[in-house]
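**Student:** Can you keep this structure in mind? I'll have questions shortly.
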Amino acid sequence: MIAHVHHENINYLKASKGLKNWLVTVDHKRIGMMYLASILVFFVTGGTFAGLFRFELWSPLKNFLTPDQYNQFFTLHGVIMVFLVVVPGIPAALGNFILPIQIGAKDLAFPKLNLTSLYLYWIGAAIALYSIVAGHADQGWTMYAPYSLSRNPSVLWMMVAAFILGFSSILTGLNFIVTMHNMRAPGMTWYRMPLFLWAMYATGIMQIFATPVLAITLILLLMENFFGIGIFDPALGGDPLLMQHFFWFYSHPAVYIIVVPGFGITSEIIACFAKKDIFGYKFVAYSSVAIAIIGFVVWGHHMFVAGQSELADSIFSFLTFFTAVPSAIKVFNWTATLYKGSIDLKTPMLYALQFLFNFTIGGLTGIILAILSVDIHLHDTYFIVSHFHYVAMGSTMIAFIGGIHYWWPKMTGKMYNETVGRTAAILVFIGFNVTFFVQLIMGSQGSPRRYYHYQDQFQIYHQISTVGFVILAAGLFMALFNLIASFFNGSVAPKNPWGAKTLEWEEADSPPVLYNFKETPVVTHGPYAFETEKA
Amino acid sequence: MDNSKTFWLPEKASTFVDTVDPAFDLYLWISIFFFGLIVILITVFTVKYLRRRPDQLATAQITHNLTLELSWTIIPLIIVMGLFFLGMKGYLHMRVAPSGYMQVNVKAQKWSWGFEYPSGAINDTLVVPVNTPVKLVMTSRDVLHSFYIAAFRTKADVIPNRYHALWFQATRTGIFPVQCTQYCGTNHSYMLTAVKVVEQEAYNEWLATASDPGKGKTPAEFGAILYQKRGCSACHSVDGSKAVGPSWKGLFGRQENCGAGGMIMVDEAYIRESMMVPTAKVVMGYQPVMPIFKGVLSEREIVALIEYIKTLK
């Protein structure tokens, strides 16, 4: 008789074969990989739409899109990138894969719920795409009433999609929080948790508390639509500003759901590639939580010109300034971590450093928007577009891509080509900043956003921006092909290629076995317990 | 004073420039300082502590420094609180019009602006006297719009079923663009007009003529003026080219297919109905997006517009 094969000791990619086994898997690693693949597909799709309208904007007159097509394309870009890429992105893909391994658990607390959240994501994504493609939706991702209401049933389906995607988010957040409370390995105290996990915890809180507001909005929209109760539609006596309040009550915390995971990845990469303990671990950990909490009470800063009372505007401005402080703390702490380190400019580190560069610009351009008098001028211009992209693309997606490179050897067991990886990272850095820095100038000069036709004086900025897009796209595709190529013919990754100190590198194989560890690990040191040179 | 645009900010033409621009510039320098500080530190640390041999370790593990951490918590806090008061002060000034202002009512619709003066004058561009506070009381007839004059540094959303006001005081004569900054559909980016700032005497003269635009004119001539002033031109051409709505050229007396509404003949009654209840009979190939003009146009104006359309053969 042939000896029984121990599935538990085979790596998770080989533990079982066939599409069906992937689709019904409850392994957090496989679910994470499926999320990663889906999110990257949507990222390329959303980016393609951005490219199309970026080229349309090469000149102020019609190039190849009609105004309606332009409007539909920026809506497609916004909806796909926000709801299908940056909001779920890091937690669903990397969080799912890494979180249980980093705390020394064999899976998340609720593996089946985790698979459910993946299916909800796919269903929500399908409905969102259907609603915009079939409904010729052109209301922008912000869906302001009453314009959006005139695009029915598209806006209704969009809300249904956001609602389902929201549940996917809530279930992921809940799963993470329960797992972190209950399944930490022996010796894994809260303060021995890698900062990526603190970021996941803060994100989980926001997902659980902010997302239900989407459900309320959907119910109100349904009541208005089917029973003619005037809630948002001024034609029925409703108030369009109420919809903005609901929208931003969710979408502002969503901005932090987007960026806080990026903080987590950056902390991991900087510590690892500087061989340094994070400077001010507790400050960094708690500042994520602080941002999560303050993030709930600042939504009104999206409405400074919308017709709120002066008192409300002033209070929201005051509160918004407080988000600047924990963000500043983080940037200073990461910078200080580099001091007296041993800095290795590997691909992930190049992304972490450009995260610092871009996030500093994203943060500083955010503070100016909280200055009420100046915001009146800058509101709804390209300045906002640029600020938002410095945070969502320049910070979050850059951290995400950095994180993918950082954990790629762990996830796939393969090493990518380092030279190609670094070249791509530099192209991405140049391309991104060329694309978006000029948009700051264009915006403060008074060019409104979502303009198909623009004043001639802005043409040069648009052209620079489009050239930047080409460089950015080239960098991103280079990075993507480098990763995909390594999957097929990269060299075999060692267990801990970067010399990191967290569990997924020290204790788990590359790629990990089915239940992550052959034996439950015991944690004896902090996540960044690097040594120093002997004098 | 130099009123031309700078690298960051557009040309200057209102009193708000004095509050907004210095705040912008101050903040710009604060940003440059902090951004410069971070970039220089990162660069210096990266160069100085670059790993030169594969097994090189850090030279020290410094996990915290309370003085340093408190200082980069407290200093930014003090700075942002200062910025808050600076911004709020400027903003309250921008929100509250001084006494003695001149009021103009603004009506926004897809995709044009209408300005109504207390004298009864109606115009598609905003004409105001220089050095006089002007208050705009604005409402929208369809969806959200936003009224923005970059040179004046002011902006406010225009909301259906509600009045939202802004005020400004122009500091020099000239013509400055007015743009819609709240996304409102197909021709959002073409929802442009201008504010024309003139001397008080020129303004008085203009107002006298504008208050009675039909005076001494035939109905068709008056209609041609209304075609511009009432925003019809935003969606209807007079040269036969297709826009959001049908061109007026050759329209009168034509047979049109309204789909389920059947064939109709474009006559006085149909044109009148299309202005009063635009969705009643929409010609195939067009969207039902025209604003309702019932209660907006006077009887005299309706007749004038019909007579004007008749002349466009």
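Every chain in the structure tokens takes a letter, A first, then B, and so on in the order presented; its residues are numbered from 1, and the ligands are numbered from 1 following the presented order.
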Quick one: residues within 12 Å of A:Leu338, only C-alpha atoms counted, chain neighbours fewer than 4 positions away excluded, as a ChimeraX atom specification?
**Tutor:** /A:267,269-279,331-334,342-345,349,352-353,356 /B:38,41-51,58-63
**Student:** Show me a table, sorted first by chain and then by increasing residue number, of the residues of chain A having an atom at most 6 Å from chain B, each with its shortest atom pair and the distance in Å to one decimal, counting only C-alpha atoms and written as CSV.
**Tutor:**
```
residue,atom,partner,partner_atom,distance
A:Pro67,CA,B:Thr186,CA,5.7
A:Asp68,CA,B:Thr186,CA,5.3
A:Pro146,CA,B:Val143,CA,5.4
A:Tyr147,CA,B:Val143,CA,5.3
A:Lys275,CA,B:Ala58,CA,5.9
A:Phe279,CA,B:Thr63,CA,4.6
A:Gly280,CA,B:His64,CA,4.9
A:Val305,CA,B:Ala156,CA,4.9
A:Ala306,CA,B:Asp157,CA,5.0
A:Phe321,CA,B:Val80,CA,5.9
A:Tyr339,CA,B:Phe45,CA,5.8
A:Lys340,CA,B:Thr59,CA,5.4
A:Gly341,CA,B:Ala58,CA,4.2
A:Ser342,CA,B:Ala58,CA,4.8
A:Ile343,CA,B:Leu50,CA,4.5
A:Asp344,CA,B:Arg51,CA,5.4
A:Ile371,CA,B:Gly87,CA,4.6
A:Leu372,CA,B:Gly87,CA,4.7
A:Ser373,CA,B:Tyr91,CA,4.4
A:Val374,CA,B:Val20,CA,5.4
A:Ile376,CA,B:Lys155,CA,5.9
A:His377,CA,B:Arg153,CA,4.9
A:Asp380,CA,B:Thr181,CA,5.9
A:Ile441,CA,B:Trp8,CA,5.6
A:Ser444,CA,B:Leu9,CA,5.6
A:Gln445,CA,B:Pro10,CA,4.8
A:Gly446,CA,B:Ala150,CA,5.3
A:Pro448,CA,B:Thr181,CA,5.6
A:Tyr451,CA,B:Ser189,CA,4.7
A:Tyr452,CA,B:Ser189,CA,5.8
A:His453,CA,B:Ser189,CA,5.4
A:Thr532,CA,B:Ala58,CA,4.9
A:Glu533,CA,B:Leu57,CA,5.2
```
**Student:** What does the distance between atom CA of B:Asn3 and atom CA of B:Val104 come to in Å, to one decimal place?
**Tutor:**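 Computed distance, atom CA of B:Asn3 to atom CA of B:Val104, equals 25.8 Å.
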**Student:** Please provide the set of residues having any atom within 8 Å of B:Thr171, restricted to only C-alpha atoms, with same-chain residues fewer than 3 positions apart removed, written as a list in words.
**Tutor:** Ala13, Ser14, Thr15, Val130 and Asn131 of chain B
**Student:** Atoms to include: N, CA and C atoms. Write the selected residues as a PDB file, in the first residue's frame.
**Tutor:**
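Listed below is the output, selection09.pdb:
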```
ATOM      1  N   ALA B  13      -9.536  89.717  -9.663  1.00  0.00           N
ATOM      2  CA  ALA B  13     -10.499  90.759 -10.018  1.00  0.00           C
ATOM      3  C   ALA B  13     -11.563  91.014  -8.957  1.00  0.00           C
ATOM      4  N   SER B  14     -11.379  90.467  -7.733  1.00  0.00           N
ATOM      5  CA  SER B  14     -12.378  90.791  -6.708  1.00  0.00           C
ATOM      6  C   SER B  14     -11.691  91.014  -5.370  1.00  0.00           C
ATOM      7  N   THR B  15     -12.459  91.489  -4.396  1.00  0.00           N
ATOM      8  CA  THR B  15     -11.881  91.757  -3.073  1.00  0.00           C
ATOM      9  C   THR B  15     -11.483  90.463  -2.366  1.00  0.00           C
ATOM     10  N   VAL B 130     -18.382  98.032 -11.294  1.00  0.00           N
ATOM     11  CA  VAL B 130     -17.144  97.800 -10.562  1.00  0.00           C
ATOM     12  C   VAL B 130     -17.241  98.412  -9.162  1.00  0.00           C
ATOM     13  N   ASN B 131     -16.497  97.853  -8.212  1.00  0.00           N
ATOM     14  CA  ASN B 131     -16.418  98.368  -6.839  1.00  0.00           C
ATOM     15  C   ASN B 131     -17.754  98.454  -6.117  1.00  0.00           C
TER      16      ASN B 131
END
```
**Student:** Got a sec: who's within 12 Å of A:Leu503, counting only C-alpha atoms, leaving out chain neighbours fewer than 2 positions off, as a PyMOL selection string?
**Tutor:** chain A and resi 98-105+184-185+187-188+192-194+410+495-496+499-501+505-509+512+516-517+520-529
**Student:** Find the residues near A:Tyr382: any atom within 7 Å, counting only C-alpha atoms, skip ones fewer than 5 places away on the same chain, and give them as a list in words.
**Tutor:** Gln439, Leu440, Met442, Gly443, Ser447, Pro448 and Arg449 of chain A
**Student:** Could you give me, as a list in words, the residues within 9 Å of B:Thr193, counting only C-alpha atoms and dropping anything in the same chain fewer than 4 positions from it?
**Tutor:**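 Residues meeting the cut-off are Ser112, Trp113, Asp124, Thr125, Leu126, Phe176, Pro177, Val178, Gln179 and Cys180 of chain B.
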**Student:** Would you mind listing what lies within 12 Å of B:Gly231 as an NGL selection string, with only C-alpha atoms counted and same-chain residues fewer than 3 positions away left out?
**Tutor:** :B and (107-115 or 122-125 or 191-193 or 223-228 or 234-237 or 290-291 or 293 or 297)
**Student:** Would you mind exporting N, CA and C atoms of the selected residues as a PDB file, in the first residue's frame?
**Tutor:**
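Okay, out-v1.pdb is ready:
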```
ATOM      1  N   LYS B 107     -30.785  82.117 -12.377  1.00  0.00           N
ATOM      2  CA  LYS B 107     -31.462  80.849 -12.632  1.00  0.00           C
ATOM      3  C   LYS B 107     -30.557  80.014 -13.511  1.00  0.00           C
ATOM      4  N   ALA B 108     -30.251  78.805 -13.014  1.00  0.00           N
ATOM      5  CA  ALA B 108     -29.415  77.900 -13.795  1.00  0.00           C
ATOM      6  C   ALA B 108     -30.287  76.791 -14.344  1.00  0.00           C
ATOM      7  N   GLN B 109     -29.960  76.359 -15.537  1.00  0.00           N
ATOM      8  CA  GLN B 109     -30.658  75.215 -16.115  1.00  0.00           C
ATOM      9  C   GLN B 109     -29.672  74.538 -17.045  1.00  0.00           C
ATOM     10  N   LYS B 110     -29.961  73.289 -17.390  1.00  0.00           N
ATOM     11  CA  LYS B 110     -29.090  72.597 -18.336  1.00  0.00           C
ATOM     12  C   LYS B 110     -29.164  73.301 -19.678  1.00  0.00           C
ATOM     13  N   TRP B 111     -28.214  73.885 -20.288  1.00  0.00           N
ATOM     14  CA  TRP B 111     -26.887  74.147 -19.840  1.00  0.00           C
ATOM     15  C   TRP B 111     -26.636  75.616 -20.104  1.00  0.00           C
ATOM     16  N   SER B 112     -27.379  76.458 -19.362  1.00  0.00           N
ATOM     17  CA  SER B 112     -27.226  77.898 -19.539  1.00  0.00           C
ATOM     18  C   SER B 112     -27.530  78.629 -18.235  1.00  0.00           C
ATOM     19  N   TRP B 113     -27.119  79.879 -18.207  1.00  0.00           N
ATOM     20  CA  TRP B 113     -27.331  80.723 -17.035  1.00  0.00           C
ATOM     21  C   TRP B 113     -28.267  81.871 -17.402  1.00  0.00           C
ATOM     22  N   GLY B 114     -29.145  82.265 -16.480  1.00  0.00           N
ATOM     23  CA  GLY B 114     -29.984  83.426 -16.690  1.00  0.00           C
ATOM     24  C   GLY B 114     -29.847  84.375 -15.500  1.00  0.00           C
ATOM     25  N   PHE B 115     -29.706  85.665 -15.785  1.00  0.00           N
ATOM     26  CA  PHE B 115     -29.536  86.655 -14.717  1.00  0.00           C
ATOM     27  C   PHE B 115     -30.690  87.636 -14.761  1.00  0.00           C
ATOM     28  N   ILE B 122     -33.349  90.978 -18.080  1.00  0.00           N
ATOM     29  CA  ILE B 122     -32.929  89.582 -18.070  1.00  0.00           C
ATOM     30  C   ILE B 122     -31.805  89.432 -19.071  1.00  0.00           C
ATOM     31  N   ASN B 123     -30.753  88.715 -18.674  1.00  0.00           N
ATOM     32  CA  ASN B 123     -29.608  88.608 -19.575  1.00  0.00           C
ATOM     33  C   ASN B 123     -28.935  87.252 -19.420  1.00  0.00           C
ATOM     34  N   ASP B 124     -28.197  86.832 -20.444  1.00  0.00           N
ATOM     35  CA  ASP B 124     -27.492  85.554 -20.351  1.00  0.00           C
ATOM     36  C   ASP B 124     -26.057  85.719 -19.871  1.00  0.00           C
ATOM     37  N   THR B 125     -25.574  86.964 -19.819  1.00  0.00           N
ATOM     38  CA  THR B 125     -24.296  87.191 -19.147  1.00  0.00           C
ATOM     39  C   THR B 125     -24.573  88.105 -17.960  1.00  0.00           C
ATOM     40  N   MET B 191     -21.348  74.786 -20.239  1.00  0.00           N
ATOM     41  CA  MET B 191     -22.246  75.664 -19.487  1.00  0.00           C
ATOM     42  C   MET B 191     -21.446  76.865 -18.990  1.00  0.00           C
ATOM     43  N   LEU B 192     -21.095  77.699 -19.940  1.00  0.00           N
ATOM     44  CA  LEU B 192     -20.211  78.818 -19.659  1.00  0.00           C
ATOM     45  C   LEU B 192     -20.920  80.121 -19.933  1.00  0.00           C
ATOM     46  N   THR B 193     -20.582  81.133 -19.179  1.00  0.00           N
ATOM     47  CA  THR B 193     -20.976  82.478 -19.559  1.00  0.00           C
ATOM     48  C   THR B 193     -19.877  83.407 -19.058  1.00  0.00           C
ATOM     49  N   GLY B 223     -37.592  88.396 -30.490  1.00  0.00           N
ATOM     50  CA  GLY B 223     -37.372  86.946 -30.343  1.00  0.00           C
ATOM     51  C   GLY B 223     -35.903  86.572 -30.535  1.00  0.00           C
ATOM     52  N   ALA B 224     -35.252  87.227 -31.490  1.00  0.00           N
ATOM     53  CA  ALA B 224     -33.838  86.937 -31.731  1.00  0.00           C
ATOM     54  C   ALA B 224     -33.002  87.283 -30.503  1.00  0.00           C
ATOM     55  N   ILE B 225     -33.386  88.375 -29.829  1.00  0.00           N
ATOM     56  CA  ILE B 225     -32.670  88.745 -28.597  1.00  0.00           C
ATOM     57  C   ILE B 225     -32.945  87.706 -27.505  1.00  0.00           C
ATOM     58  N   LEU B 226     -34.213  87.318 -27.383  1.00  0.00           N
ATOM     59  CA  LEU B 226     -34.593  86.350 -26.352  1.00  0.00           C
ATOM     60  C   LEU B 226     -33.901  85.004 -26.568  1.00  0.00           C
ATOM     61  N   TYR B 227     -33.737  84.648 -27.862  1.00  0.00           N
ATOM     62  CA  TYR B 227     -33.055  83.395 -28.194  1.00  0.00           C
ATOM     63  C   TYR B 227     -31.695  83.299 -27.479  1.00  0.00           C
ATOM     64  N   GLN B 228     -30.985  84.405 -27.405  1.00  0.00           N
ATOM     65  CA  GLN B 228     -29.720  84.440 -26.668  1.00  0.00           C
ATOM     66  C   GLN B 228     -29.956  84.550 -25.167  1.00  0.00           C
ATOM     67  N   ALA B 234     -28.348  77.532 -26.122  1.00  0.00           N
ATOM     68  CA  ALA B 234     -27.498  76.469 -25.581  1.00  0.00           C
ATOM     69  C   ALA B 234     -27.831  75.126 -26.224  1.00  0.00           C
ATOM     70  N   CYS B 235     -29.088  74.946 -26.643  1.00  0.00           N
ATOM     71  CA  CYS B 235     -29.494  73.629 -27.152  1.00  0.00           C
ATOM     72  C   CYS B 235     -30.068  73.661 -28.570  1.00  0.00           C
ATOM     73  N   HIS B 236     -30.460  74.835 -29.081  1.00  0.00           N
ATOM     74  CA  HIS B 236     -31.069  74.906 -30.410  1.00  0.00           C
ATOM     75  C   HIS B 236     -30.219  75.795 -31.305  1.00  0.00           C
ATOM     76  N   SER B 237     -29.835  75.260 -32.464  1.00  0.00           N
ATOM     77  CA  SER B 237     -29.089  76.103 -33.389  1.00  0.00           C
ATOM     78  C   SER B 237     -30.087  76.830 -34.297  1.00  0.00           C
ATOM     79  N   MET B 290     -35.595  69.200 -22.049  1.00  0.00           N
ATOM     80  CA  MET B 290     -35.763  70.657 -22.062  1.00  0.00           C
ATOM     81  C   MET B 290     -36.436  71.146 -20.779  1.00  0.00           C
ATOM     82  N   PRO B 291     -35.913  72.237 -20.200  1.00  0.00           N
ATOM     83  CA  PRO B 291     -36.550  72.788 -19.000  1.00  0.00           C
ATOM     84  C   PRO B 291     -37.946  73.354 -19.325  1.00  0.00           C
ATOM     85  N   PHE B 293     -40.684  76.142 -19.405  1.00  0.00           N
ATOM     86  CA  PHE B 293     -40.674  77.608 -19.431  1.00  0.00           C
ATOM     87  C   PHE B 293     -42.007  78.227 -19.023  1.00  0.00           C
ATOM     88  N   LEU B 297     -41.544  82.573 -19.223  1.00  0.00           N
ATOM     89  CA  LEU B 297     -41.678  83.479 -20.359  1.00  0.00           C
ATOM     90  C   LEU B 297     -43.028  84.198 -20.280  1.00  0.00           C
TER      91      LEU B 297
END
```
**Student:** DSSP on the backbone, then: every residue of stretch 339-518 of chain A marked alpha helix (DSSP H), written as a ChimeraX atom specification.
**Tutor:** /A:347-370,372-378,382-391,398-412,418-444,459-489,503-506
**Student:** Would you mind reading off the distance between atom CA of A:Phe43 and atom CA of A:Val26, one decimal, in Å?
**Tutor:**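 Computed distance, atom CA of A:Phe43 to atom CA of A:Val26, equals 24.9 Å.
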**Student:** Which value, in Å to one decimal, gives the distance between atom CA of A:Tyr281 and atom CA of A:His252?
**Tutor:** 26.1 Å
**Student:** Closest to A:Ala145 among A:Pro60, A:Val160, A:Pro240, A:Pro111, using only C-alpha atoms?
**Tutor:**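 Closest to A:Ala145 of all the choices is A:Pro240.
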**Student:** Which one is closest to B:Ala202: B:Ile40, B:Val127, B:Tyr270, B:Trp167? Count only C-alpha atoms.
**Tutor:**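 Checking each candidate against B:Ala202, we get B:Val127 as the closest.
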